[in-house]
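final_34.cif follows (mmCIF, N, CA and C atoms):
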data_data
#
loop_
_atom_site.label_atom_id
_atom_site.label_comp_id
_atom_site.auth_asym_id
_atom_site.auth_seq_id
_atom_site.Cartn_x
_atom_site.Cartn_y
_atom_site.Cartn_z
N MET A 2 -115.57 16.59 25.64
CA MET A 2 -116.07 17.92 25.33
C MET A 2 -116.06 18.75 26.60
N ASP A 3 -115.71 19.99 26.47
CA ASP A 3 -115.64 20.90 27.60
C ASP A 3 -117.00 21.51 27.93
N TYR A 4 -117.22 21.72 29.22
CA TYR A 4 -118.41 22.43 29.68
C TYR A 4 -118.08 23.91 29.79
N ILE A 5 -119.03 24.73 29.40
CA ILE A 5 -118.87 26.18 29.42
C ILE A 5 -120.03 26.78 30.20
N ARG A 6 -119.73 27.80 30.97
CA ARG A 6 -120.77 28.56 31.68
C ARG A 6 -121.05 29.84 30.90
N LEU A 7 -122.33 30.13 30.72
CA LEU A 7 -122.75 31.40 30.12
C LEU A 7 -123.52 32.19 31.17
N THR A 8 -123.29 33.48 31.21
CA THR A 8 -123.97 34.33 32.19
C THR A 8 -124.58 35.53 31.49
N ARG A 9 -125.79 35.85 31.90
CA ARG A 9 -126.49 37.04 31.39
C ARG A 9 -127.08 37.77 32.59
N GLN A 10 -127.01 39.10 32.56
CA GLN A 10 -127.56 39.90 33.66
C GLN A 10 -128.82 40.63 33.19
N PHE A 11 -129.72 40.82 34.15
CA PHE A 11 -131.00 41.46 33.89
C PHE A 11 -131.27 42.44 35.01
N THR A 12 -132.04 43.48 34.73
CA THR A 12 -132.44 44.43 35.76
C THR A 12 -133.95 44.62 35.69
N PHE A 13 -134.54 44.86 36.84
CA PHE A 13 -135.97 45.16 36.91
C PHE A 13 -136.26 45.88 38.21
N GLU A 14 -137.34 46.63 38.19
CA GLU A 14 -137.77 47.42 39.35
C GLU A 14 -138.97 46.71 39.97
N THR A 15 -138.89 46.45 41.26
CA THR A 15 -139.97 45.74 41.94
C THR A 15 -140.11 46.27 43.35
N ALA A 16 -141.37 46.31 43.81
CA ALA A 16 -141.64 46.67 45.20
C ALA A 16 -142.13 45.43 45.93
N HIS A 17 -141.95 45.44 47.24
CA HIS A 17 -142.46 44.35 48.06
C HIS A 17 -142.67 44.85 49.48
N ALA A 18 -143.28 44.01 50.28
CA ALA A 18 -143.43 44.25 51.71
C ALA A 18 -143.36 42.89 52.39
N LEU A 19 -142.72 42.87 53.56
CA LEU A 19 -142.56 41.60 54.29
C LEU A 19 -143.62 41.53 55.38
N LEU A 20 -144.58 40.67 55.17
CA LEU A 20 -145.71 40.51 56.09
C LEU A 20 -145.24 40.01 57.45
N ASN A 21 -145.70 40.65 58.51
CA ASN A 21 -145.40 40.28 59.91
C ASN A 21 -143.93 40.47 60.28
N TYR A 22 -143.17 41.17 59.47
CA TYR A 22 -141.76 41.42 59.78
C TYR A 22 -141.67 42.54 60.80
N ASN A 23 -140.71 42.43 61.70
CA ASN A 23 -140.54 43.43 62.75
C ASN A 23 -139.39 44.37 62.39
N GLY A 24 -139.59 45.18 61.37
CA GLY A 24 -138.57 46.11 60.91
C GLY A 24 -139.12 46.94 59.77
N PRO A 25 -138.32 47.85 59.24
CA PRO A 25 -138.83 48.77 58.21
C PRO A 25 -139.28 48.07 56.92
N CYS A 26 -138.80 46.87 56.65
CA CYS A 26 -139.19 46.17 55.42
C CYS A 26 -140.61 45.62 55.46
N LYS A 27 -141.31 45.85 56.59
CA LYS A 27 -142.73 45.49 56.64
C LYS A 27 -143.55 46.45 55.79
N ASN A 28 -142.98 47.63 55.53
CA ASN A 28 -143.64 48.64 54.71
C ASN A 28 -143.35 48.39 53.23
N VAL A 29 -144.29 48.78 52.39
CA VAL A 29 -144.07 48.66 50.95
C VAL A 29 -142.89 49.55 50.56
N HIS A 30 -141.96 48.96 49.87
CA HIS A 30 -140.77 49.69 49.41
C HIS A 30 -140.25 48.99 48.16
N GLY A 31 -139.42 49.68 47.39
CA GLY A 31 -138.96 49.13 46.14
C GLY A 31 -137.46 48.98 46.05
N HIS A 32 -137.05 48.18 45.08
CA HIS A 32 -135.63 47.94 44.81
C HIS A 32 -135.39 47.94 43.31
N SER A 33 -134.18 48.28 42.94
CA SER A 33 -133.70 48.08 41.58
C SER A 33 -132.93 46.77 41.60
N TYR A 34 -133.61 45.69 41.27
CA TYR A 34 -133.00 44.36 41.32
C TYR A 34 -132.09 44.14 40.13
N ARG A 35 -131.04 43.38 40.36
CA ARG A 35 -130.16 42.92 39.28
C ARG A 35 -130.05 41.41 39.44
N LEU A 36 -130.39 40.68 38.39
CA LEU A 36 -130.37 39.23 38.40
C LEU A 36 -129.30 38.73 37.45
N GLN A 37 -128.46 37.84 37.95
CA GLN A 37 -127.43 37.20 37.13
C GLN A 37 -127.79 35.73 37.00
N VAL A 38 -127.95 35.27 35.77
CA VAL A 38 -128.31 33.88 35.48
C VAL A 38 -127.12 33.22 34.79
N THR A 39 -126.64 32.11 35.36
CA THR A 39 -125.53 31.37 34.76
C THR A 39 -125.99 29.96 34.45
N ILE A 40 -125.78 29.56 33.20
CA ILE A 40 -126.12 28.20 32.77
C ILE A 40 -124.84 27.46 32.43
N LEU A 41 -124.94 26.14 32.35
CA LEU A 41 -123.79 25.28 32.08
C LEU A 41 -124.17 24.30 30.99
N GLY A 42 -123.30 24.16 30.01
CA GLY A 42 -123.55 23.20 28.94
C GLY A 42 -122.33 23.05 28.05
N GLN A 43 -122.49 22.23 27.04
CA GLN A 43 -121.42 22.00 26.07
C GLN A 43 -121.77 22.69 24.76
N PRO A 44 -120.79 23.29 24.11
CA PRO A 44 -121.06 23.92 22.83
C PRO A 44 -121.58 22.90 21.81
N ASN A 45 -122.49 23.35 20.96
CA ASN A 45 -123.04 22.53 19.90
C ASN A 45 -121.93 22.15 18.93
N THR A 46 -121.82 20.88 18.61
CA THR A 46 -120.75 20.41 17.73
C THR A 46 -121.22 20.08 16.32
N THR A 47 -122.48 20.33 16.02
CA THR A 47 -123.02 20.04 14.70
C THR A 47 -122.70 21.22 13.77
N ILE A 48 -121.75 21.00 12.88
CA ILE A 48 -121.24 22.07 12.02
C ILE A 48 -122.33 22.72 11.18
N THR A 49 -123.31 21.97 10.76
CA THR A 49 -124.36 22.51 9.89
C THR A 49 -125.46 23.23 10.67
N ASP A 50 -125.45 23.16 12.00
CA ASP A 50 -126.47 23.80 12.83
C ASP A 50 -126.13 25.28 12.97
N PRO A 51 -127.12 26.17 12.84
CA PRO A 51 -126.86 27.61 13.00
C PRO A 51 -126.28 27.97 14.37
N THR A 52 -126.51 27.13 15.39
CA THR A 52 -125.97 27.42 16.73
C THR A 52 -124.67 26.65 16.99
N TYR A 53 -124.00 26.24 15.92
CA TYR A 53 -122.71 25.54 16.04
C TYR A 53 -121.75 26.38 16.88
N GLY A 54 -121.13 25.75 17.89
CA GLY A 54 -120.17 26.44 18.74
C GLY A 54 -120.79 27.13 19.93
N MET A 55 -122.11 27.13 20.04
CA MET A 55 -122.80 27.81 21.15
C MET A 55 -123.33 26.80 22.16
N VAL A 56 -123.29 27.18 23.44
CA VAL A 56 -124.00 26.44 24.46
C VAL A 56 -125.48 26.75 24.31
N LEU A 57 -125.79 28.03 24.23
CA LEU A 57 -127.14 28.54 23.99
C LEU A 57 -126.98 29.95 23.47
N ASP A 58 -127.75 30.32 22.50
CA ASP A 58 -127.69 31.68 21.99
C ASP A 58 -128.04 32.64 23.13
N PHE A 59 -127.21 33.67 23.36
CA PHE A 59 -127.49 34.64 24.41
C PHE A 59 -128.87 35.27 24.24
N GLY A 60 -129.30 35.45 23.01
CA GLY A 60 -130.62 36.00 22.74
C GLY A 60 -131.73 35.08 23.23
N ASP A 61 -131.53 33.77 23.09
CA ASP A 61 -132.53 32.81 23.58
C ASP A 61 -132.60 32.84 25.10
N LEU A 62 -131.45 32.94 25.74
CA LEU A 62 -131.42 33.04 27.20
C LEU A 62 -132.12 34.33 27.64
N LYS A 63 -131.85 35.41 26.95
CA LYS A 63 -132.48 36.69 27.27
C LYS A 63 -133.99 36.60 27.15
N ARG A 64 -134.49 36.05 26.03
CA ARG A 64 -135.94 35.93 25.83
C ARG A 64 -136.59 35.08 26.92
N LEU A 65 -135.95 33.99 27.28
CA LEU A 65 -136.50 33.09 28.30
C LEU A 65 -136.63 33.78 29.65
N VAL A 66 -135.56 34.43 30.10
CA VAL A 66 -135.57 35.09 31.41
C VAL A 66 -136.50 36.30 31.38
N GLN A 67 -136.51 37.03 30.28
CA GLN A 67 -137.42 38.18 30.17
C GLN A 67 -138.87 37.71 30.33
N GLU A 68 -139.23 36.63 29.65
CA GLU A 68 -140.61 36.13 29.67
C GLU A 68 -141.01 35.57 31.03
N ILE A 69 -140.12 34.78 31.63
CA ILE A 69 -140.48 34.05 32.85
C ILE A 69 -140.32 34.89 34.12
N ILE A 70 -139.34 35.78 34.14
CA ILE A 70 -139.05 36.52 35.37
C ILE A 70 -139.22 38.02 35.21
N VAL A 71 -138.51 38.62 34.29
CA VAL A 71 -138.48 40.08 34.22
C VAL A 71 -139.85 40.67 33.92
N ALA A 72 -140.52 40.20 32.88
CA ALA A 72 -141.82 40.78 32.51
C ALA A 72 -142.85 40.69 33.65
N PRO A 73 -143.01 39.54 34.30
CA PRO A 73 -144.00 39.47 35.38
C PRO A 73 -143.62 40.31 36.61
N PHE A 74 -142.33 40.44 36.92
CA PHE A 74 -141.91 41.09 38.15
C PHE A 74 -141.58 42.58 37.99
N ASP A 75 -141.26 43.02 36.79
CA ASP A 75 -140.86 44.41 36.60
C ASP A 75 -142.03 45.35 36.87
N HIS A 76 -141.79 46.35 37.69
CA HIS A 76 -142.79 47.35 38.09
C HIS A 76 -144.03 46.71 38.69
N ALA A 77 -143.82 45.63 39.44
CA ALA A 77 -144.90 44.96 40.15
C ALA A 77 -144.69 45.12 41.65
N LEU A 78 -145.73 44.87 42.39
CA LEU A 78 -145.69 44.82 43.84
C LEU A 78 -145.84 43.36 44.24
N ILE A 79 -144.84 42.82 44.93
CA ILE A 79 -144.88 41.43 45.36
C ILE A 79 -145.35 41.39 46.80
N LEU A 80 -146.44 40.66 47.01
CA LEU A 80 -146.98 40.48 48.34
C LEU A 80 -147.34 39.02 48.56
N ARG A 81 -147.30 38.61 49.82
CA ARG A 81 -147.78 37.27 50.14
C ARG A 81 -149.27 37.19 49.86
N GLN A 82 -149.72 36.04 49.40
CA GLN A 82 -151.13 35.88 49.06
C GLN A 82 -152.05 35.96 50.28
N ASP A 83 -151.47 35.84 51.50
CA ASP A 83 -152.29 35.96 52.70
C ASP A 83 -152.25 37.38 53.29
N THR A 84 -151.81 38.35 52.48
CA THR A 84 -151.88 39.76 52.87
C THR A 84 -153.36 40.14 53.05
N ASP A 85 -153.60 41.12 53.89
CA ASP A 85 -154.96 41.57 54.18
C ASP A 85 -155.79 41.70 52.89
N ALA A 86 -156.91 40.99 52.87
CA ALA A 86 -157.76 40.95 51.67
C ALA A 86 -158.26 42.33 51.26
N GLU A 87 -158.55 43.18 52.23
CA GLU A 87 -159.03 44.53 51.92
C GLU A 87 -157.98 45.31 51.14
N LEU A 88 -156.73 45.22 51.58
CA LEU A 88 -155.64 45.90 50.88
C LEU A 88 -155.49 45.35 49.46
N LEU A 89 -155.50 44.03 49.32
CA LEU A 89 -155.37 43.42 48.00
C LEU A 89 -156.51 43.85 47.08
N ASN A 90 -157.73 43.92 47.61
CA ASN A 90 -158.88 44.35 46.81
C ASN A 90 -158.70 45.78 46.31
N VAL A 91 -158.25 46.67 47.19
CA VAL A 91 -158.05 48.06 46.80
C VAL A 91 -156.98 48.15 45.70
N LEU A 92 -155.88 47.46 45.90
CA LEU A 92 -154.79 47.49 44.91
C LEU A 92 -155.25 46.94 43.57
N GLN A 93 -156.02 45.86 43.60
CA GLN A 93 -156.52 45.28 42.36
C GLN A 93 -157.52 46.20 41.67
N LYS A 94 -158.39 46.85 42.45
CA LYS A 94 -159.35 47.79 41.86
C LYS A 94 -158.65 48.97 41.21
N LEU A 95 -157.50 49.35 41.75
CA LEU A 95 -156.72 50.45 41.19
C LEU A 95 -155.79 49.99 40.06
N ASN A 96 -155.92 48.73 39.67
CA ASN A 96 -155.15 48.14 38.57
C ASN A 96 -153.64 48.13 38.80
N HIS A 97 -153.24 47.95 40.06
CA HIS A 97 -151.81 47.81 40.34
C HIS A 97 -151.35 46.43 39.87
N LYS A 98 -150.13 46.38 39.40
CA LYS A 98 -149.55 45.11 38.97
C LYS A 98 -149.07 44.37 40.21
N LEU A 99 -149.76 43.29 40.55
CA LEU A 99 -149.45 42.52 41.75
C LEU A 99 -148.91 41.14 41.37
N VAL A 100 -147.94 40.69 42.14
CA VAL A 100 -147.50 39.31 42.10
C VAL A 100 -147.75 38.77 43.50
N LEU A 101 -148.70 37.86 43.61
CA LEU A 101 -149.02 37.28 44.91
C LEU A 101 -148.32 35.93 45.04
N THR A 102 -147.62 35.76 46.15
CA THR A 102 -146.81 34.56 46.34
C THR A 102 -147.23 33.79 47.59
N ALA A 103 -146.93 32.52 47.60
CA ALA A 103 -147.14 31.69 48.79
C ALA A 103 -146.01 31.91 49.79
N TYR A 104 -144.94 32.54 49.34
CA TYR A 104 -143.75 32.74 50.17
C TYR A 104 -143.60 34.21 50.58
N GLN A 105 -142.82 34.41 51.64
CA GLN A 105 -142.41 35.76 52.04
C GLN A 105 -141.49 36.28 50.94
N PRO A 106 -141.76 37.44 50.34
CA PRO A 106 -140.98 37.88 49.18
C PRO A 106 -139.61 38.48 49.54
N THR A 107 -138.79 37.66 50.16
CA THR A 107 -137.41 38.05 50.44
C THR A 107 -136.56 37.76 49.21
N CYS A 108 -135.39 38.32 49.19
CA CYS A 108 -134.45 38.07 48.10
C CYS A 108 -134.16 36.56 47.99
N GLU A 109 -134.01 35.91 49.12
CA GLU A 109 -133.70 34.47 49.13
C GLU A 109 -134.84 33.65 48.52
N ASN A 110 -136.07 33.95 48.96
CA ASN A 110 -137.21 33.19 48.44
C ASN A 110 -137.49 33.49 46.97
N MET A 111 -137.22 34.73 46.57
CA MET A 111 -137.38 35.07 45.16
C MET A 111 -136.41 34.24 44.31
N LEU A 112 -135.19 34.05 44.79
CA LEU A 112 -134.22 33.23 44.05
C LEU A 112 -134.72 31.80 43.88
N ILE A 113 -135.27 31.23 44.93
CA ILE A 113 -135.78 29.86 44.85
C ILE A 113 -136.92 29.80 43.84
N ASP A 114 -137.80 30.80 43.86
CA ASP A 114 -138.90 30.87 42.90
C ASP A 114 -138.35 30.96 41.48
N PHE A 115 -137.39 31.84 41.26
CA PHE A 115 -136.81 32.01 39.93
C PHE A 115 -136.15 30.72 39.46
N LYS A 116 -135.45 30.06 40.36
CA LYS A 116 -134.81 28.78 40.02
C LYS A 116 -135.86 27.78 39.56
N ASN A 117 -136.94 27.66 40.32
CA ASN A 117 -138.00 26.71 39.97
C ASN A 117 -138.64 27.05 38.64
N LYS A 118 -138.81 28.31 38.34
CA LYS A 118 -139.41 28.74 37.07
C LYS A 118 -138.48 28.44 35.89
N LEU A 119 -137.18 28.62 36.08
CA LEU A 119 -136.23 28.46 34.98
C LEU A 119 -135.88 27.01 34.67
N ILE A 120 -135.71 26.19 35.70
CA ILE A 120 -135.23 24.82 35.48
C ILE A 120 -136.12 24.06 34.49
N GLY A 121 -137.41 24.18 34.60
CA GLY A 121 -138.30 23.45 33.71
C GLY A 121 -138.36 23.99 32.30
N LYS A 122 -137.79 25.16 32.05
CA LYS A 122 -137.89 25.80 30.74
C LYS A 122 -136.59 25.76 29.93
N LEU A 123 -135.50 25.36 30.56
CA LEU A 123 -134.22 25.30 29.84
C LEU A 123 -134.18 24.05 28.96
N PRO A 124 -133.46 24.12 27.83
CA PRO A 124 -133.29 22.92 27.02
C PRO A 124 -132.68 21.79 27.86
N GLU A 125 -133.00 20.57 27.51
CA GLU A 125 -132.58 19.41 28.28
C GLU A 125 -131.06 19.33 28.47
N SER A 126 -130.31 19.77 27.48
CA SER A 126 -128.84 19.68 27.54
C SER A 126 -128.20 20.79 28.38
N ILE A 127 -129.01 21.75 28.84
CA ILE A 127 -128.51 22.91 29.58
C ILE A 127 -128.88 22.77 31.05
N LYS A 128 -127.94 23.04 31.92
CA LYS A 128 -128.18 23.01 33.37
C LYS A 128 -128.12 24.44 33.91
N LEU A 129 -128.99 24.71 34.87
CA LEU A 129 -128.90 25.98 35.58
C LEU A 129 -127.77 25.85 36.58
N HIS A 130 -126.75 26.66 36.44
CA HIS A 130 -125.57 26.59 37.31
C HIS A 130 -125.74 27.42 38.56
N SER A 131 -126.18 28.70 38.38
CA SER A 131 -126.30 29.59 39.53
C SER A 131 -127.17 30.79 39.20
N LEU A 132 -127.66 31.40 40.27
CA LEU A 132 -128.40 32.65 40.20
C LEU A 132 -127.85 33.57 41.27
N ARG A 133 -127.79 34.83 40.96
CA ARG A 133 -127.40 35.85 41.95
C ARG A 133 -128.38 37.00 41.78
N LEU A 134 -128.99 37.40 42.90
CA LEU A 134 -129.97 38.47 42.86
C LEU A 134 -129.54 39.57 43.81
N TRP A 135 -129.22 40.75 43.23
CA TRP A 135 -128.90 41.92 44.02
C TRP A 135 -130.20 42.62 44.38
N GLU A 136 -130.40 42.85 45.68
CA GLU A 136 -131.56 43.61 46.12
C GLU A 136 -131.20 45.09 46.24
N THR A 137 -129.96 45.34 46.58
CA THR A 137 -129.42 46.69 46.59
C THR A 137 -128.05 46.64 45.92
N GLU A 138 -127.43 47.77 45.80
CA GLU A 138 -126.11 47.83 45.16
C GLU A 138 -125.08 46.98 45.92
N ASN A 139 -125.28 46.85 47.24
CA ASN A 139 -124.29 46.18 48.07
C ASN A 139 -124.75 44.84 48.66
N SER A 140 -125.97 44.42 48.39
CA SER A 140 -126.50 43.21 49.03
C SER A 140 -127.12 42.28 48.00
N PHE A 141 -126.72 41.01 48.05
CA PHE A 141 -127.28 40.03 47.13
C PHE A 141 -127.37 38.67 47.79
N ALA A 142 -128.17 37.80 47.18
CA ALA A 142 -128.28 36.40 47.59
C ALA A 142 -127.89 35.56 46.38
N GLU A 143 -127.39 34.35 46.65
CA GLU A 143 -126.97 33.46 45.58
C GLU A 143 -127.57 32.07 45.75
N TRP A 144 -127.82 31.41 44.62
CA TRP A 144 -128.23 30.01 44.59
C TRP A 144 -127.28 29.31 43.64
N TYR A 145 -126.72 28.17 44.09
CA TYR A 145 -125.84 27.36 43.26
C TYR A 145 -126.37 25.94 43.19
N ALA A 146 -126.44 25.37 42.01
CA ALA A 146 -126.88 23.99 41.85
C ALA A 146 -125.99 23.05 42.66
N SER A 147 -124.69 23.32 42.67
CA SER A 147 -123.74 22.43 43.37
C SER A 147 -123.95 22.39 44.88
N ASP A 148 -124.59 23.43 45.42
CA ASP A 148 -124.90 23.45 46.86
C ASP A 148 -126.15 22.65 47.19
N ASN A 149 -126.87 22.25 46.17
CA ASN A 149 -128.19 21.65 46.36
C ASN A 149 -128.29 20.24 45.79
N GLY A 150 -127.19 19.52 45.83
CA GLY A 150 -127.21 18.11 45.41
C GLY A 150 -127.25 17.96 43.99
#
Represent the structure contained in this file as structure tokens.
Amino acid sequence: MDYIRLTRQFTFETAHALLNYNGPCKNVHGHSYRLQVTILGQPNTTITDPTYGMVLDFGDLKRLVQEIIVAPFDHALILRQDTDAELLNVLQKLNHKLVLTAYQPTCENMLIDFKNKLIGKLPESIKLHSLRLWETENSFAEWYASDNG
């Protein structure tokens, strides 16, 4: 049986700030992120199954990524959890949508986070092949399963 890769793209708006960074990205700023998720699997061969011929229904992949990544991160401010407590308190009192992370919210670390969130939620027969996250129109980071053993 042949393996097939399926890819779906997603977009979301997110702001972040890089704590202790020595450059303009230390300031709160936003990006129009574009995420490309590629999975790998074999098409379903059970003729009587509604998903016959599919690796995974594109709609199911969309729902999964929307729930795990897009909904929590869209129009949120991502900050490290060790950001100044006074600032975090003010933002929370003003009901800002915050995502607090243990990691520096770089494009690279966000990809690792997204990978960890997705791997445990995919059907057993489906492998996460790769992720690509555009932070700007011209800049992106990639994660490939094949690069990671």
Problem set entry | Residues within 12 Å of Lys122 of chain A, only C-alpha atoms, excluding chain neighbours under 4 positions, as a VMD selection string | chain A and resid 61 to 62 64 to 66 68 to 70 115 to 118 126 to 129
For this session: Pick out the residues sitting within 12 Å of Lys27 of chain A, and hand them over as number ranges by chain; count only C-alpha atoms, and ignore anything fewer than 4 positions along from it in its own chain.
Result: A: 16-23, 31, 80-81, 84, 105-107
I'd like the box whose edges run along x, y and z of the file and which contains every listed atom of segment 14-25 of chain A, padded by 8 Å per side; could you state its centre and edge lengths in Å, one decimal, as AutoDock Vina command-line options?
--center_x -141.5 --center_y 44.4 --center_z 50.5 --size_x 24.4 --size_y 24.8 --size_z 40.6
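Of the listed residues A:Val56, A:Cys26, A:Ala72, A:Leu112, the one whose atoms come nearest to Gly42 of chain A is A:Val56, with distances taken using all atoms listed in the file.
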Problem set entry | Given only C-alpha atoms as the counted atoms, nearest of A:Gln67, A:Thr15, A:Val29, A:Pro44 to Val100 of chain A |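 Among A:Gln67, A:Thr15, A:Val29, A:Pro44, it is A:Thr15 that comes nearest to Val100 of chain A.
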Problem set entry | Among listed residues A:Thr137, A:Ser33, A:Asn28, A:Thr52, nearest Glu14 of chain A (using only C-alpha atoms) |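 Closest candidate: A:Ser33.
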For this session: Would you list, as a ChimeraX atom specification, the residues of segment 31-115 of chain A that end up in strand (DSSP E or B) under DSSP run on this structure's backbone?
Result: /A:31-42,45,53,77-81,99-102
Those selected residues, please, written with N, CA and C atoms and delivered as a compact mmCIF listing (two decimals), in the frame of the given file.
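Result written to out13.txt:
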# COMPACT_ATOMS: atom_id res chain seq x y z
N GLY A 31 -139.42 49.68 47.39
CA GLY A 31 -138.96 49.13 46.14
C GLY A 31 -137.46 48.98 46.05
N HIS A 32 -137.05 48.18 45.08
CA HIS A 32 -135.63 47.94 44.81
C HIS A 32 -135.39 47.94 43.31
N SER A 33 -134.18 48.28 42.94
CA SER A 33 -133.70 48.08 41.58
C SER A 33 -132.93 46.77 41.60
N TYR A 34 -133.61 45.69 41.27
CA TYR A 34 -133.00 44.36 41.32
C TYR A 34 -132.09 44.14 40.13
N ARG A 35 -131.04 43.38 40.36
CA ARG A 35 -130.16 42.92 39.28
C ARG A 35 -130.05 41.41 39.44
N LEU A 36 -130.39 40.68 38.39
CA LEU A 36 -130.37 39.23 38.40
C LEU A 36 -129.30 38.73 37.45
N GLN A 37 -128.46 37.84 37.95
CA GLN A 37 -127.43 37.20 37.13
C GLN A 37 -127.79 35.73 37.00
N VAL A 38 -127.95 35.27 35.77
CA VAL A 38 -128.31 33.88 35.48
C VAL A 38 -127.12 33.22 34.79
N THR A 39 -126.64 32.11 35.36
CA THR A 39 -125.53 31.37 34.76
C THR A 39 -125.99 29.96 34.45
N ILE A 40 -125.78 29.56 33.20
CA ILE A 40 -126.12 28.20 32.77
C ILE A 40 -124.84 27.46 32.43
N LEU A 41 -124.94 26.14 32.35
CA LEU A 41 -123.79 25.28 32.08
C LEU A 41 -124.17 24.30 30.99
N GLY A 42 -123.30 24.16 30.01
CA GLY A 42 -123.55 23.20 28.94
C GLY A 42 -122.33 23.05 28.05
N ASN A 45 -122.49 23.35 20.96
CA ASN A 45 -123.04 22.53 19.90
C ASN A 45 -121.93 22.15 18.93
N TYR A 53 -124.00 26.24 15.92
CA TYR A 53 -122.71 25.54 16.04
C TYR A 53 -121.75 26.38 16.88
N ALA A 77 -143.82 45.63 39.44
CA ALA A 77 -144.90 44.96 40.15
C ALA A 77 -144.69 45.12 41.65
N LEU A 78 -145.73 44.87 42.39
CA LEU A 78 -145.69 44.82 43.84
C LEU A 78 -145.84 43.36 44.24
N ILE A 79 -144.84 42.82 44.93
CA ILE A 79 -144.88 41.43 45.36
C ILE A 79 -145.35 41.39 46.80
N LEU A 80 -146.44 40.66 47.01
CA LEU A 80 -146.98 40.48 48.34
C LEU A 80 -147.34 39.02 48.56
N ARG A 81 -147.30 38.61 49.82
CA ARG A 81 -147.78 37.27 50.14
C ARG A 81 -149.27 37.19 49.86
N LEU A 99 -149.76 43.29 40.55
CA LEU A 99 -149.45 42.52 41.75
C LEU A 99 -148.91 41.14 41.37
N VAL A 100 -147.94 40.69 42.14
CA VAL A 100 -147.50 39.31 42.10
C VAL A 100 -147.75 38.77 43.50
N LEU A 101 -148.70 37.86 43.61
CA LEU A 101 -149.02 37.28 44.91
C LEU A 101 -148.32 35.93 45.04
N THR A 102 -147.62 35.76 46.15
CA THR A 102 -146.81 34.56 46.34
C THR A 102 -147.23 33.79 47.59
Exercise. What residues come out when you apply the PyMOL selection byres ((chain A and resi 7) around 6.5) to this file, written as a list in words?
Worked result: Ile5, Arg6, Thr8, Arg9, Val38, Thr39, Ile40, Leu41 and Gly42 of chain A
For this session: Around the point (-126.9, 36.4, 39.2), in the coordinates given by the file, pick out the residues reaching within 7 Å, counting only N, CA and C atoms, and return them as a list in words.
Result: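 Counting only N, CA and C atoms, I find these residues within 7 Å of (-126.9, 36.4, 39.2): Arg9, Gln10, Arg35, Leu36, Gln37, Val38, Thr39, Ser131, Leu132, Arg133, Leu134 and Trp135 of chain A.
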Exercise. When you draw a straight line from atom CA of Met111 of chain A to atom CA of Glu136 of chain A, how long is it in Å?
Worked result: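 These atoms are spaced 10.4 Å apart.
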